[in-house]
$ cat work19.csv   # CSV, C-alpha atoms
chain,number,residue,atom,x,y,z
A,1458,MET,CA,3.1,-12.4,-17.3
A,1459,ASN,CA,4.0,-15.8,-16.1
A,1460,GLN,CA,1.9,-17.9,-13.8
A,1461,ILE,CA,4.2,-17.6,-10.7
A,1462,THR,CA,4.0,-13.8,-10.8
A,1463,LYS,CA,0.3,-13.9,-11.1
A,1464,THR,CA,-0.1,-16.2,-8.2
A,1465,SER,CA,2.0,-14.2,-5.9
A,1466,ARG,CA,0.2,-10.9,-6.8
A,1467,GLN,CA,-3.1,-12.5,-6.1
A,1468,ALA,CA,-1.7,-13.6,-2.7
A,1469,ASP,CA,-0.5,-10.0,-2.0
A,1470,ILE,CA,-4.0,-8.6,-2.5
A,1471,ASP,CA,-5.5,-11.2,-0.3
A,1472,ALA,CA,-3.1,-10.6,2.5
A,1473,PHE,CA,-4.2,-6.9,2.6
A,1474,THR,CA,-7.8,-7.9,2.6
A,1475,ALA,CA,-7.2,-10.6,5.2
A,1476,ILE,CA,-5.8,-8.2,7.8
A,1477,ALA,CA,-8.3,-5.4,7.0
A,1478,HIS,CA,-10.9,-7.2,9.2
A,1479,PRO,CA,-10.6,-6.3,12.9
A,1480,ALA,CA,-11.5,-9.8,14.1
A,1481,ARG,CA,-8.8,-11.4,12.0
A,1482,ARG,CA,-6.2,-8.8,13.2
A,1483,GLN,CA,-7.2,-9.9,16.8
A,1484,ILE,CA,-6.7,-13.5,15.9
A,1485,LEU,CA,-3.3,-12.7,14.5
A,1486,ASP,CA,-2.5,-10.8,17.7
A,1487,LEU,CA,-3.4,-13.8,19.7
A,1488,LEU,CA,-1.4,-16.2,17.5
A,1489,ALA,CA,1.6,-13.8,17.7
A,1490,VAL,CA,1.9,-14.8,21.4
A,1491,GLY,CA,2.0,-18.5,20.5
A,1492,GLU,CA,0.2,-21.3,18.7
A,1493,SER,CA,-3.4,-22.1,19.7
A,1494,SER,CA,-6.5,-24.2,19.2
A,1495,VAL,CA,-9.7,-22.8,17.7
A,1496,GLN,CA,-11.3,-23.2,21.2
A,1497,ASN,CA,-8.7,-21.0,22.8
A,1498,LEU,CA,-8.9,-18.5,20.0
A,1499,ALA,CA,-12.7,-18.3,20.3
A,1500,GLU,CA,-12.6,-17.6,24.0
A,1501,PRO,CA,-11.9,-13.8,24.0
A,1502,PHE,CA,-14.4,-13.2,21.2
A,1503,GLU,CA,-18.1,-12.8,21.4
A,1504,MET,CA,-18.2,-15.0,18.4
A,1505,SER,CA,-19.2,-18.5,17.7
A,1506,ARG,CA,-16.6,-21.1,17.1
A,1507,PRO,CA,-17.7,-21.5,13.5
A,1508,ALA,CA,-17.3,-17.8,12.9
A,1509,VAL,CA,-13.8,-17.9,14.3
A,1510,SER,CA,-13.1,-20.9,12.1
A,1511,GLN,CA,-14.3,-19.0,9.1
A,1512,HIS,CA,-11.9,-16.2,9.8
A,1513,LEU,CA,-9.1,-18.7,10.3
A,1514,ARG,CA,-10.0,-20.2,6.9
A,1515,VAL,CA,-9.3,-16.8,5.3
A,1516,LEU,CA,-6.0,-16.5,7.2
A,1517,LEU,CA,-5.0,-20.0,6.1
A,1518,ASP,CA,-5.9,-19.4,2.5
A,1519,VAL,CA,-3.6,-16.4,2.3
A,1520,GLY,CA,-0.9,-18.2,4.2
A,1521,LEU,CA,-0.8,-15.9,7.2
A,1522,VAL,CA,-1.6,-18.9,9.4
A,1523,GLU,CA,-0.8,-22.5,9.3
A,1524,VAL,CA,-2.3,-25.5,11.0
A,1525,ARG,CA,-0.9,-28.7,12.4
A,1526,ARG,CA,-2.5,-31.7,14.1
A,1527,SER,CA,-1.5,-32.3,17.6
A,1528,GLY,CA,-3.2,-35.4,19.0
A,1529,ARG,CA,-7.0,-34.8,18.6
A,1530,GLU,CA,-6.5,-31.0,18.3
A,1531,GLN,CA,-5.8,-28.7,15.4
A,1532,ARG,CA,-3.2,-26.2,16.4
A,1533,TYR,CA,-2.9,-22.8,14.6
A,1534,ARG,CA,0.3,-20.9,14.2
A,1535,LEU,CA,1.2,-17.5,12.8
A,1536,ARG,CA,3.4,-17.3,9.7
A,1537,ALA,CA,4.8,-13.9,10.3
A,1538,GLU,CA,7.0,-13.9,7.3
A,1539,ARG,CA,3.9,-13.8,5.1
A,1540,LEU,CA,3.2,-10.3,6.5
A,1541,GLU,CA,6.1,-9.0,4.4
A,1542,ALA,CA,3.7,-8.7,1.5
A,1543,VAL,CA,1.6,-6.4,3.5
A,1544,TYR,CA,4.6,-4.1,4.3
A,1545,ASP,CA,5.6,-3.9,0.7
A,1546,TRP,CA,4.2,-0.5,-0.2
A,1547,VAL,CA,6.2,-0.5,-3.4
A,1548,ALA,CA,4.3,-3.6,-4.7
A,1549,HIS,CA,1.1,-2.0,-3.4
A,1550,TYR,CA,1.7,1.3,-5.3
A,1551,THR,CA,2.9,-0.5,-8.5
A,1552,ARG,CA,-0.6,-2.1,-8.7
A,1553,PHE,CA,-2.2,1.1,-7.7
A,1554,TRP,CA,-0.6,3.1,-10.5
A,1555,GLU,CA,-1.1,0.5,-13.1
A,1556,GLU,CA,-4.8,0.8,-12.4
A,1557,LYS,CA,-4.8,4.6,-12.2
A,1558,LEU,CA,-3.0,5.0,-15.5
A,1559,ASP,CA,-5.6,2.8,-17.2
A,1560,ASN,CA,-8.3,4.9,-15.6
A,1561,LEU,CA,-6.6,8.0,-17.0
A,1562,GLY,CA,-6.7,6.4,-20.5
A,1563,LYS,CA,-10.4,5.8,-20.1
A,1564,TYR,CA,-11.1,9.2,-18.8
A,1565,LEU,CA,-9.3,10.8,-21.8
A,1566,GLU,CA,-11.4,8.6,-24.1
A,1567,GLU,CA,-14.7,9.5,-22.4
A,1568,ASN,CA,-14.0,13.2,-22.2
A,1569,GLU,CA,-13.1,13.8,-25.8
B,574,MET,CA,14.9,-5.0,-4.3
B,575,LYS,CA,13.7,-2.0,-6.4
B,576,ARG,CA,12.7,0.9,-4.3
B,577,ASP,CA,11.3,3.2,-7.0
B,578,ILE,CA,8.3,2.9,-9.3
B,579,LYS,CA,8.8,4.0,-12.9
B,580,MET,CA,6.1,3.5,-15.4
B,581,GLU,CA,5.3,4.7,-18.9
B,582,ALA,CA,1.9,5.0,-20.6
B,583,PHE,CA,1.0,6.2,-24.1
B,584,TYR,CA,-2.2,8.2,-24.8
B,585,PRO,CA,-3.3,9.0,-28.3
B,586,TYR,CA,-4.0,12.7,-27.5
B,587,PRO,CA,-1.7,15.8,-27.5
B,588,PRO,CA,0.2,16.7,-24.3
B,589,GLU,CA,-2.1,19.8,-23.7
B,590,ARG,CA,-5.1,17.5,-23.5
B,591,VAL,CA,-3.4,14.9,-21.3
B,592,TRP,CA,-2.2,17.8,-19.1
B,593,ARG,CA,-5.8,19.0,-18.5
B,594,ALA,CA,-6.5,15.5,-17.0
B,595,VAL,CA,-3.3,15.2,-15.0
B,596,ALA,CA,-3.1,18.7,-13.5
B,597,ASP,CA,-6.7,19.3,-12.8
B,598,GLY,CA,-8.4,18.5,-9.4
B,599,LYS,CA,-11.8,17.6,-10.9
B,600,ALA,CA,-10.3,15.4,-13.5
B,601,MET,CA,-8.0,13.7,-11.0
B,602,ALA,CA,-11.0,13.0,-8.8
B,603,LYS,CA,-12.3,10.9,-11.7
B,604,TRP,CA,-9.3,8.9,-12.6
B,605,LEU,CA,-7.2,9.1,-9.4
B,606,MET,CA,-8.8,10.0,-6.1
B,607,PRO,CA,-11.0,12.8,-4.6
B,608,ASN,CA,-8.7,15.8,-3.8
B,609,ASP,CA,-8.4,19.6,-3.3
B,610,PHE,CA,-5.6,20.0,-5.7
B,611,GLU,CA,-4.9,23.4,-7.3
B,612,PRO,CA,-2.3,24.0,-10.0
B,613,LYS,CA,-0.2,26.4,-7.9
B,614,LEU,CA,3.3,26.0,-6.9
B,615,GLY,CA,3.5,25.3,-3.1
B,616,HIS,CA,-0.2,24.5,-2.8
B,617,LYS,CA,-0.8,21.9,-0.1
B,618,PHE,CA,-3.6,19.5,-0.7
B,619,GLN,CA,-4.9,16.0,0.1
B,620,PHE,CA,-6.1,12.9,-1.7
B,621,ARG,CA,-8.7,10.8,0.1
B,622,THR,CA,-9.3,7.2,-0.4
B,623,LYS,CA,-10.6,4.3,1.7
B,624,PRO,CA,-8.3,3.4,4.6
B,625,ALA,CA,-6.2,0.3,4.5
B,626,PRO,CA,-4.2,-1.5,7.2
B,627,GLY,CA,-1.5,1.0,8.2
B,628,PHE,CA,-3.0,3.8,6.3
B,629,ASP,CA,-5.8,6.2,7.3
B,630,GLY,CA,-6.7,6.9,3.7
B,631,ILE,CA,-5.4,10.4,3.5
B,632,VAL,CA,-2.4,11.3,1.3
B,633,HIS,CA,-0.8,14.7,2.1
B,634,CYS,CA,0.7,16.4,-0.9
B,635,GLU,CA,2.3,19.6,-1.9
B,636,VAL,CA,2.9,20.9,-5.4
B,637,LEU,CA,6.7,21.0,-5.8
B,638,GLU,CA,7.1,21.7,-9.5
B,639,LEU,CA,4.7,22.8,-12.2
B,640,GLN,CA,5.6,23.3,-15.9
B,641,GLU,CA,2.5,23.3,-18.0
B,642,PRO,CA,2.0,21.1,-20.1
B,643,ARG,CA,5.1,19.1,-19.3
B,644,LEU,CA,5.9,18.4,-15.7
B,645,LEU,CA,4.0,18.0,-12.4
B,646,ARG,CA,5.9,17.0,-9.3
B,647,ILE,CA,4.2,16.6,-5.9
B,648,SER,CA,5.2,15.3,-2.5
B,649,TRP,CA,3.1,12.2,-1.5
B,650,ARG,CA,2.9,11.3,2.2
B,651,GLY,CA,0.4,8.7,3.3
B,652,GLY,CA,0.4,6.2,6.1
B,653,PRO,CA,4.1,5.6,6.8
B,654,ILE,CA,5.4,6.6,3.4
B,655,ASP,CA,7.0,9.9,2.5
B,656,THR,CA,7.6,10.0,-1.2
B,657,VAL,CA,7.6,12.1,-4.3
B,658,LEU,CA,5.5,11.6,-7.4
B,659,LYS,CA,6.4,13.0,-10.8
B,660,PHE,CA,4.3,13.1,-14.0
B,661,LEU,CA,6.3,13.9,-17.2
B,662,LEU,CA,4.5,14.5,-20.5
B,663,GLU,CA,6.3,14.2,-23.8
B,664,PRO,CA,4.9,14.6,-27.2
B,665,VAL,CA,5.5,11.5,-29.3
B,666,GLN,CA,4.2,10.3,-32.7
B,667,GLY,CA,0.5,10.2,-32.5
B,668,GLY,CA,0.1,11.3,-28.9
B,669,THR,CA,1.7,11.7,-25.6
B,670,LYS,CA,4.1,9.6,-23.6
B,671,LEU,CA,3.4,9.9,-19.9
B,672,SER,CA,6.2,8.9,-17.5
B,673,LEU,CA,5.3,8.3,-13.9
B,674,GLU,CA,7.9,8.2,-11.2
B,675,HIS,CA,7.1,7.4,-7.6
B,676,THR,CA,10.3,7.6,-5.6
B,677,GLY,CA,11.6,7.7,-2.0
B,678,PHE,CA,10.4,4.3,-0.8
B,679,THR,CA,13.8,3.6,0.7
B,680,GLY,CA,13.4,2.7,4.3
B,681,VAL,CA,9.6,2.4,4.0
B,682,LYS,CA,9.7,-1.0,5.8
B,683,GLY,CA,11.5,0.7,8.7
B,684,LEU,CA,8.8,3.3,8.8
B,685,MET,CA,6.1,0.6,8.5
B,686,ILE,CA,7.6,-1.0,11.6
B,687,SER,CA,7.6,2.1,13.7
B,688,TYR,CA,4.1,2.8,12.4
B,689,MET,CA,2.7,-0.5,13.3
B,690,MET,CA,4.6,-0.6,16.6
B,691,SER,CA,2.8,2.5,17.7
B,692,SER,CA,-0.6,1.2,16.8
B,693,GLY,CA,-1.3,-1.8,19.0
B,694,TRP,CA,0.4,-4.4,16.9
B,695,LYS,CA,3.3,-4.6,19.3
B,696,LYS,CA,2.7,-8.3,20.2
B,697,MET,CA,2.7,-9.4,16.6
B,698,PHE,CA,5.9,-7.5,15.9
B,699,ARG,CA,7.8,-9.0,18.7
B,700,THR,CA,7.5,-12.3,16.8
B,701,SER,CA,7.6,-11.1,13.2
B,702,LEU,CA,10.2,-8.4,13.5
B,703,PRO,CA,13.1,-10.7,12.7
B,704,ALA,CA,11.5,-11.6,9.4
B,705,VAL,CA,11.0,-8.0,8.5
B,706,ILE,CA,14.5,-6.9,9.5
B,707,LYS,CA,15.9,-9.5,7.3
B,708,ASN,CA,14.5,-7.6,4.3
B,709,ILE,CA,15.4,-4.1,5.2
B,710,ASP,CA,18.1,-3.3,2.7
B,711,ARG,CA,19.6,-0.3,4.4
B,712,LEU,CA,19.3,-0.6,8.1
B,713,ASP,CA,21.8,2.1,8.8
B,714,GLU,CA,19.6,4.7,7.2
B,715,LEU,CA,16.7,3.9,9.6
B,716,PRO,CA,17.2,6.6,12.3
B,717,GLN,CA,17.1,9.3,9.6
B,718,ASP,CA,14.0,7.9,8.1
B,719,LEU,CA,12.3,7.6,11.4
B,720,LYS,CA,13.0,11.3,12.1
B,721,SER,CA,11.4,12.4,8.9
B,722,CYS,CA,8.3,10.5,9.8
B,723,ASP,CA,5.7,13.1,10.6
B,724,PRO,CA,4.0,12.1,13.9
B,725,GLU,CA,0.8,13.6,12.6
B,726,THR,CA,0.4,11.0,9.9
B,727,VAL,CA,1.3,8.2,12.4
$ encode --input "work19.csv" --output "structure tokens"
Amino acid sequence: MNQITKTSRQADIDAFTAIAHPARRQILDLLAVGESSVQNLAEPFEMSRPAVSQHLRVLLDVGLVEVRRSGREQRYRLRAERLEAVYDWVAHYTRFWEEKLDNLGKYLEENE
Amino acid sequence: MKRDIKMEAFYPYPPERVWRAVADGKAMAKWLMPNDFEPKLGHKFQFRTKPAPGFDGIVHCEVLELQEPRLLRISWRGGPIDTVLKFLLEPVQGGTKLSLEHTGFTGVKGLMISYMMSSGWKKMFRTSLPAVIKNIDRLDELPQDLKSCDPETV
């Protein structure tokens, strides 16, 4: 397997994980309306700004969100096209079956 | 983009033995997922796993074809997908070749959209929809796919 495939697979797994958290889904919901600062994002949450920043970090890492500097402020923006990986159930199930067929091999070995 | 999953695996055991692992509920619980499968044609059952975004963790299945020790075909509906899963066992030198086919993903992205649209992600989809539509290979098949989407699983 080449490096590029490996990297994109890793990214796919992370995108699933990233949106599994309700707070991060809410952040994405807010960003879907338009770009925003951390301050504005933290407002509707009963969460500290550092906590919101931490969730943003995860979203940035998987590429679902991007950041740009506007004057003194950091503005966060949704990268909706990255969500495609999450919709791709074929890719999801390909990984799933690879793992399960390996499990079956182990099961057969252990239950000799 | 490929819409079907086809995989092959080799196991160094005779088909009868592999069959006991593939077409047995207790065995499947070990290597696949907890379930209430029974090897009976037309038997309806479920697999249960942990929920994921867009998926409540329950896969609804029905035994469509059963030919011991060669073929098991079941329907596989979970989250927005309505697919068919086939296990084919063939004796080969030194063991068994297991072919897995998971088919029927055509239009899944369309179903995913309708699924997400109905579940409070409306705002996000207003902005991301164009990106998704770009990747739906057969848009004209969408209405049909949407009809076959069981509202109970959505």
$ interface_residues --input "work19.csv" --of "chain A" --to "chain B" --cutoff "12 Å" --atoms "only C-alpha atoms" --output "PyMOL selection string"
chain A and resi 1470+1472-1479+1481-1492+1521+1534-1569
$ write_last_selection --input "work19.csv" --atoms "C-alpha atoms" --output "short mmCIF file (atom, residue, chain, number, x, y, z; two decimals), keeping the file's coordinate frame"
data_model
loop_
_atom_site.label_atom_id
_atom_site.label_comp_id
_atom_site.auth_asym_id
_atom_site.auth_seq_id
_atom_site.Cartn_x
_atom_site.Cartn_y
_atom_site.Cartn_z
CA ILE A 1470 -4.00 -8.60 -2.50
CA ALA A 1472 -3.10 -10.60 2.50
CA PHE A 1473 -4.20 -6.90 2.60
CA THR A 1474 -7.80 -7.90 2.60
CA ALA A 1475 -7.20 -10.60 5.20
CA ILE A 1476 -5.80 -8.20 7.80
CA ALA A 1477 -8.30 -5.40 7.00
CA HIS A 1478 -10.90 -7.20 9.20
CA PRO A 1479 -10.60 -6.30 12.90
CA ARG A 1481 -8.80 -11.40 12.00
CA ARG A 1482 -6.20 -8.80 13.20
CA GLN A 1483 -7.20 -9.90 16.80
CA ILE A 1484 -6.70 -13.50 15.90
CA LEU A 1485 -3.30 -12.70 14.50
CA ASP A 1486 -2.50 -10.80 17.70
CA LEU A 1487 -3.40 -13.80 19.70
CA LEU A 1488 -1.40 -16.20 17.50
CA ALA A 1489 1.60 -13.80 17.70
CA VAL A 1490 1.90 -14.80 21.40
CA GLY A 1491 2.00 -18.50 20.50
CA GLU A 1492 0.20 -21.30 18.70
CA LEU A 1521 -0.80 -15.90 7.20
CA ARG A 1534 0.30 -20.90 14.20
CA LEU A 1535 1.20 -17.50 12.80
CA ARG A 1536 3.40 -17.30 9.70
CA ALA A 1537 4.80 -13.90 10.30
CA GLU A 1538 7.00 -13.90 7.30
CA ARG A 1539 3.90 -13.80 5.10
CA LEU A 1540 3.20 -10.30 6.50
CA GLU A 1541 6.10 -9.00 4.40
CA ALA A 1542 3.70 -8.70 1.50
CA VAL A 1543 1.60 -6.40 3.50
CA TYR A 1544 4.60 -4.10 4.30
CA ASP A 1545 5.60 -3.90 0.70
CA TRP A 1546 4.20 -0.50 -0.20
CA VAL A 1547 6.20 -0.50 -3.40
CA ALA A 1548 4.30 -3.60 -4.70
CA HIS A 1549 1.10 -2.00 -3.40
CA TYR A 1550 1.70 1.30 -5.30
CA THR A 1551 2.90 -0.50 -8.50
CA ARG A 1552 -0.60 -2.10 -8.70
CA PHE A 1553 -2.20 1.10 -7.70
CA TRP A 1554 -0.60 3.10 -10.50
CA GLU A 1555 -1.10 0.50 -13.10
CA GLU A 1556 -4.80 0.80 -12.40
CA LYS A 1557 -4.80 4.60 -12.20
CA LEU A 1558 -3.00 5.00 -15.50
CA ASP A 1559 -5.60 2.80 -17.20
CA ASN A 1560 -8.30 4.90 -15.60
CA LEU A 1561 -6.60 8.00 -17.00
CA GLY A 1562 -6.70 6.40 -20.50
CA LYS A 1563 -10.40 5.80 -20.10
CA TYR A 1564 -11.10 9.20 -18.80
CA LEU A 1565 -9.30 10.80 -21.80
CA GLU A 1566 -11.40 8.60 -24.10
CA GLU A 1567 -14.70 9.50 -22.40
CA ASN A 1568 -14.00 13.20 -22.20
CA GLU A 1569 -13.10 13.80 -25.80
#
$ atom_distance --input "work19.csv" --atom1 "atom CA of Gln666 of chain B" --atom2 "atom CA of Glu638 of chain B"
26.0 Å
$ atom_distance --input "work19.csv" --atom1 "atom CA of Phe620 of chain B" --atom2 "atom CA of Leu639 of chain B"
18.0 Å
$ atom_distance --input "work19.csv" --atom1 "atom CA of Val1509 of chain A" --atom2 "atom CA of Val1495 of chain A"
7.2 Å
$ residues_near_point --input "work19.csv" --point "(8.0, 14.8, -27.3)" --cutoff "12 Å" --atoms "all atoms listed in the file" --output "list in words"
Phe583, Pro587, Pro588, Glu589, Pro642, Arg643, Leu661, Leu662, Glu663, Pro664, Val665, Gln666, Gly667, Gly668, Thr669, Lys670, Leu671 and Ser672 of chain B
$ closest_residue --input "work19.csv" --among "B:Val657, B:Cys634, B:Phe628, B:Gly651" --to "Phe610 of chain B" --atoms "all atoms listed in the file"
B:Cys634
